[in-house]
file my_file21.cif (mmCIF, C-alpha atoms)
data_protein
#
loop_
_atom_site.label_atom_id
_atom_site.label_comp_id
_atom_site.auth_asym_id
_atom_site.auth_seq_id
_atom_site.Cartn_x
_atom_site.Cartn_y
_atom_site.Cartn_z
CA MET A 1 -120.13 120.81 -104.02
CA PRO A 2 -120.05 117.59 -101.93
CA LEU A 3 -116.92 116.87 -99.92
CA LYS A 4 -114.48 114.38 -101.42
CA LYS A 5 -114.50 110.95 -99.83
CA ILE A 6 -111.45 109.49 -98.08
CA VAL A 7 -110.75 105.94 -96.89
CA VAL A 8 -107.94 105.59 -94.32
CA LEU A 9 -106.01 102.33 -93.88
CA VAL A 10 -104.38 101.73 -90.48
CA SER A 11 -102.61 99.07 -88.44
CA GLY A 12 -101.98 100.70 -85.06
CA SER A 13 -102.91 103.43 -82.64
CA GLY A 14 -103.94 105.92 -85.31
CA THR A 15 -102.42 109.22 -84.21
CA ASN A 16 -102.12 110.31 -87.85
CA LEU A 17 -105.75 109.30 -88.36
CA GLN A 18 -106.70 111.47 -85.39
CA CYS A 19 -104.97 114.45 -86.99
CA LEU A 20 -106.94 113.87 -90.18
CA ILE A 21 -110.14 113.67 -88.15
CA ASP A 22 -109.29 116.90 -86.30
CA LYS A 23 -108.02 118.92 -89.27
CA ILE A 24 -109.69 117.49 -92.40
CA HIS A 25 -112.84 115.49 -91.60
CA ASN A 26 -116.07 117.33 -92.44
CA LYS A 27 -114.04 120.48 -93.18
CA TYR A 28 -112.15 119.80 -96.39
CA ALA A 29 -113.17 116.19 -97.01
CA GLN A 30 -115.13 113.37 -95.43
CA ILE A 31 -113.45 110.30 -93.99
CA VAL A 32 -116.05 107.69 -94.91
CA ALA A 33 -114.29 104.56 -93.62
CA VAL A 34 -111.29 103.44 -91.60
CA ILE A 35 -109.96 99.97 -92.42
CA SER A 36 -107.52 97.97 -90.31
CA ASP A 37 -105.72 94.67 -90.83
CA VAL A 38 -105.45 94.34 -87.03
CA PRO A 39 -108.70 93.76 -85.10
CA ASP A 40 -107.64 95.51 -81.88
CA ALA A 41 -105.99 98.55 -83.50
CA TYR A 42 -106.91 101.60 -81.42
CA ALA A 43 -107.38 103.56 -84.65
CA LEU A 44 -110.69 101.71 -85.07
CA LYS A 45 -111.89 103.13 -81.77
CA ARG A 46 -110.92 106.62 -82.93
CA ALA A 47 -113.10 106.12 -86.00
CA GLU A 48 -116.03 104.78 -84.00
CA ASN A 49 -115.79 107.68 -81.55
CA THR A 50 -116.19 110.06 -84.49
CA GLY A 51 -119.04 108.16 -86.12
CA ILE A 52 -116.88 106.93 -89.00
CA ALA A 53 -117.38 103.39 -90.32
CA ALA A 54 -114.68 101.10 -88.86
CA LYS A 55 -113.94 97.87 -90.71
CA THR A 56 -111.47 95.08 -89.95
CA PHE A 57 -109.98 92.60 -92.37
CA ASP A 58 -107.90 90.42 -90.05
CA TYR A 59 -104.78 89.57 -92.03
CA ARG A 60 -103.90 86.71 -89.69
CA SER A 61 -107.21 84.94 -90.30
CA TYR A 62 -106.67 84.64 -94.06
CA GLN A 63 -104.85 81.50 -95.15
CA ASN A 64 -104.93 82.83 -98.71
CA LYS A 65 -103.49 86.34 -98.41
CA ASN A 66 -104.68 87.21 -101.92
CA LEU A 67 -108.25 86.93 -100.63
CA PHE A 68 -107.43 89.43 -97.89
CA TYR A 69 -106.54 92.04 -100.47
CA ASP A 70 -109.45 91.04 -102.74
CA ASP A 71 -111.98 91.45 -99.93
CA MET A 72 -110.54 94.79 -98.91
CA LEU A 73 -110.55 96.09 -102.48
CA ILE A 74 -114.18 94.99 -103.01
CA TYR A 75 -115.18 96.89 -99.86
CA ILE A 76 -113.27 100.01 -100.91
CA ASN A 77 -114.68 99.93 -104.44
CA LYS A 78 -118.23 99.96 -103.06
CA ILE A 79 -117.40 103.21 -101.26
CA GLU A 80 -115.85 104.80 -104.38
CA PRO A 81 -113.40 107.04 -102.49
CA ASP A 82 -111.58 109.94 -104.09
CA LEU A 83 -108.47 109.21 -102.01
CA ILE A 84 -107.02 106.34 -100.00
CA VAL A 85 -104.63 107.33 -97.21
CA LEU A 86 -102.17 104.83 -95.75
CA ALA A 87 -101.74 106.16 -92.20
CA GLY A 88 -99.50 103.63 -90.51
CA PHE A 89 -100.76 100.70 -92.60
CA LEU A 90 -97.99 98.10 -92.46
CA LYS A 91 -98.85 96.00 -95.50
CA ILE A 92 -97.68 96.70 -99.06
CA LEU A 93 -100.74 96.76 -101.27
CA PRO A 94 -100.67 94.65 -104.45
CA GLU A 95 -100.51 96.25 -107.88
CA LYS A 96 -104.25 95.93 -108.56
CA PHE A 97 -104.92 98.66 -105.96
CA TYR A 98 -102.65 101.07 -107.79
CA ASN A 99 -104.16 100.18 -111.16
CA GLU A 100 -107.62 101.16 -109.87
CA TYR A 101 -106.53 104.15 -107.78
CA LYS A 102 -103.56 105.52 -109.70
CA ASN A 103 -102.25 108.69 -108.03
CA ARG A 104 -105.07 108.46 -105.49
CA ILE A 105 -103.26 106.49 -102.78
CA MET A 106 -101.20 108.57 -100.35
CA ASN A 107 -98.64 107.26 -97.84
CA ILE A 108 -96.62 108.82 -95.04
CA HIS A 109 -93.13 107.62 -94.16
CA PRO A 110 -90.93 108.69 -91.19
CA SER A 111 -87.76 109.56 -93.11
CA LEU A 112 -86.63 111.70 -96.03
CA ILE A 113 -87.22 109.32 -98.94
CA PRO A 114 -85.18 107.86 -100.65
CA ALA A 115 -83.17 107.47 -97.42
CA PHE A 116 -84.16 104.81 -94.86
CA CYS A 117 -87.15 103.49 -96.74
CA GLY A 118 -88.37 100.39 -98.55
CA LYS A 119 -89.08 96.89 -97.32
CA GLY A 120 -88.29 96.38 -93.65
CA TYR A 121 -88.17 100.08 -92.82
CA TYR A 122 -91.12 100.82 -90.58
CA GLY A 123 -91.77 102.06 -87.07
CA LEU A 124 -88.82 102.19 -84.71
CA LYS A 125 -86.67 100.31 -87.23
CA VAL A 126 -86.49 103.45 -89.36
CA HIS A 127 -85.35 105.65 -86.48
CA GLN A 128 -82.84 103.09 -85.19
CA ALA A 129 -81.33 102.88 -88.68
CA VAL A 130 -81.06 106.68 -88.80
CA ILE A 131 -79.23 106.76 -85.47
CA ASP A 132 -76.98 103.82 -86.33
CA TYR A 133 -75.93 105.47 -89.60
CA GLY A 134 -75.06 108.69 -87.85
CA VAL A 135 -76.92 111.16 -90.09
CA LYS A 136 -77.68 114.60 -88.69
CA ILE A 137 -81.01 115.13 -90.44
CA THR A 138 -84.01 112.87 -90.91
CA GLY A 139 -87.62 113.84 -91.48
CA VAL A 140 -91.01 112.99 -92.92
CA THR A 141 -92.19 112.26 -96.45
CA VAL A 142 -95.74 112.19 -97.78
CA HIS A 143 -95.89 110.59 -101.22
CA PHE A 144 -98.21 108.99 -103.70
CA ALA A 145 -97.90 105.25 -103.23
CA ASP A 146 -97.24 102.85 -106.08
CA ALA A 147 -96.63 99.10 -106.32
CA GLY A 148 -93.09 99.49 -104.94
CA ALA A 149 -92.13 100.07 -101.32
CA ASP A 150 -91.90 103.85 -100.70
CA THR A 151 -91.09 104.51 -104.38
CA GLY A 152 -93.96 106.78 -105.49
CA PRO A 153 -93.76 110.51 -106.31
CA VAL A 154 -93.00 112.75 -103.34
CA ILE A 155 -95.68 115.30 -102.37
CA LEU A 156 -94.22 116.98 -99.27
CA GLN A 157 -91.10 116.57 -97.14
CA LYS A 158 -89.91 118.22 -93.96
CA ALA A 159 -86.61 117.79 -92.15
CA VAL A 160 -86.17 116.89 -88.48
CA GLU A 161 -82.80 117.32 -86.73
CA VAL A 162 -81.19 114.26 -85.15
CA PHE A 163 -79.70 115.09 -81.76
CA GLN A 164 -76.52 113.48 -80.43
CA ASP A 165 -78.30 111.95 -77.45
CA ASP A 166 -81.35 110.72 -79.39
CA THR A 167 -82.66 107.21 -78.99
CA ALA A 168 -84.96 105.61 -81.53
CA GLU A 169 -87.84 106.38 -79.17
CA THR A 170 -87.07 110.08 -78.65
CA LEU A 171 -86.45 110.59 -82.35
CA GLN A 172 -89.67 108.79 -83.24
CA LYS A 173 -91.64 111.11 -80.97
CA ARG A 174 -90.27 114.26 -82.62
CA VAL A 175 -90.70 112.89 -86.12
CA LEU A 176 -94.28 111.91 -85.30
CA GLY A 177 -95.05 115.51 -84.42
CA THR A 178 -93.94 116.50 -87.92
CA GLU A 179 -96.03 113.70 -89.44
CA HIS A 180 -99.06 115.22 -87.73
CA GLU A 181 -98.38 118.50 -89.54
CA LEU A 182 -97.49 117.18 -92.97
CA LEU A 183 -100.14 114.52 -93.64
CA PRO A 184 -103.19 116.78 -93.18
CA GLU A 185 -101.46 119.44 -95.29
CA ALA A 186 -100.90 116.98 -98.15
CA VAL A 187 -104.46 115.65 -97.97
CA LYS A 188 -105.82 119.20 -98.01
CA LEU A 189 -103.77 120.01 -101.13
CA PHE A 190 -105.13 116.89 -102.82
CA VAL A 191 -108.81 117.50 -102.10
CA GLN A 192 -108.42 121.12 -103.16
CA GLN A 193 -107.02 119.82 -106.48
CA LYS A 194 -103.74 121.67 -106.05
CA LEU A 195 -101.47 118.71 -106.88
CA GLU A 196 -100.28 117.90 -110.40
CA ILE A 197 -98.05 114.95 -111.24
CA ILE A 198 -95.68 115.20 -114.18
CA GLY A 199 -93.37 112.20 -114.43
CA ARG A 200 -91.93 111.67 -110.97
CA LYS A 201 -92.50 115.25 -109.86
CA VAL A 202 -95.49 116.52 -107.91
CA TYR A 203 -96.18 120.20 -108.55
CA ILE A 204 -98.19 122.28 -106.08
CA LYS A 205 -100.42 124.79 -107.83
CA LYS A 206 -100.06 128.28 -106.43
CA SER A 207 -103.41 129.63 -107.60
CA GLU A 208 -106.03 130.20 -104.94
CA ALA A 209 -108.89 128.62 -106.85
CA HIS A 210 -110.38 127.19 -103.67
CA ASN A 211 -111.11 129.21 -100.58
CA ASP A 212 -110.56 127.74 -97.11
#

call {"tool": "encode", "arguments": {"input": "my_file21.cif", "output": "structure tokens"}}
result
Amino acid sequence: MPLKKIVVLVSGSGTNLQCLIDKIHNKYAQIVAVISDVPDAYALKRAENTGIAAKTFDYRSYQNKNLFYDDMLIYINKIEPDLIVLAGFLKILPEKFYNEYKNRIMNIHPSLIPAFCGKGYYGLKVHQAVIDYGVKITGVTVHFADAGADTGPVILQKAVEVFQDDTAETLQKRVLGTEHELLPEAVKLFVQQKLEIIGRKVYIKKSEAHND
């Protein structure tokens, strides 16, 4: 059986992409393209170094932002991926993406959704908000994305302790380590067809129908 095809959308350095390359690519699935909205994103170099197609749609160069999303969707549709992974992609995709790829777009967020998520919560801003609020636990969420901001069904979550002397930077580093564990795990479950969505709940099938 051919490997399922994945497209990864990125905006930055691509450490989560690298984990998918190391743990998933050509083992459980094939990353067929990496797309960035930022031309100099280092994630593109990671793709090129692995022989994966690297494509840029420069958001800043589009006066009509609708055309940016249209062009990206046309490119993705030609690939016909089984899964789209948002790995540090900082734009909120319009509804037409979710209509075409319902329950096939996966996102990772550096908090325990529904806490510290939604519009404006990205990067260090999430971790600074966690520290400012004074919570003792934060974490990582992998979820199916929908037309809202961080509102889709949760696939996996894992907690990360917040230390008293944490800064946004030290907390981000620890949370990122957990992201690197959780995202490949969620993608593997998807490509092995072990995820079932009923309402807002994502159930993980326990049967071992697929061998590693």

call {"tool": "residues_around", "arguments": {"input": "my_file21.cif", "residues": "range 152-164 of chain A", "least_positions_apart": "3", "cutoff": "6 Å", "atoms": "only C-alpha atoms", "output": "VMD selection string"}}
result
chain A and resid 136 to 146 200 202

call {"tool": "closest_residue", "arguments": {"input": "my_file21.cif", "among": "A:Lys78, A:Phe116, A:Lys23, A:Ser36", "to": "Thr151 in chain A", "atoms": "all atoms listed in the file"}}
result
A:Phe116

call {"tool": "atom_distance", "arguments": {"input": "my_file21.cif", "atom1": "CA of Pro81 in chain A", "atom2": "CA of Thr178 in chain A"}}
result
26.1 Å

call {"tool": "residues_around", "arguments": {"input": "my_file21.cif", "residues": "Tyr203 in chain A", "least_positions_apart": "6", "cutoff": "9 Å", "atoms": "all atoms listed in the file", "output": "list of chain:residue names"}}
result
A:Ile155, A:Lys194, A:Leu195, A:Glu196, A:Ile197

call {"tool": "resolve_selection", "arguments": {"input": "my_file21.cif", "expression": "the PyMOL selection byres ((chain A and resi 31) around 7)", "output": "list of chain:residue names"}}
result
A:Lys5, A:Ile6, A:Val7, A:His25, A:Ala29, A:Gln30, A:Val32, A:Ala33, A:Ile52

call {"tool": "resolve_selection", "arguments": {"input": "my_file21.cif", "expression": "the PyMOL selection byres ((chain A and resi 8) around 10)", "output": "PyMOL selection string"}}
result
chain A and resi 6-7+9-10+14+16-17+20+31-36+43+47+54+81+83-89+105-106

call {"tool": "closest_residue", "arguments": {"input": "my_file21.cif", "among": "A:Leu3, A:Ala41, A:Val191, A:Leu183", "to": "Arg104 in chain A", "atoms": "only C-alpha atoms"}}
result
A:Val191

call {"tool": "atom_distance", "arguments": {"input": "my_file21.cif", "atom1": "CA of Lys65 in chain A", "atom2": "CA of Asp40 in chain A"}}
result
19.4 Å

call {"tool": "atom_distance", "arguments": {"input": "my_file21.cif", "atom1": "CA of Ile76 in chain A", "atom2": "CA of Leu176 in chain A"}}
result
27.3 Å

call {"tool": "closest_residue", "arguments": {"input": "my_file21.cif", "among": "A:Asn103, A:Leu171, A:Ile108, A:His127", "to": "Lys201 in chain A", "atoms": "all atoms listed in the file"}}
result
A:Asn103
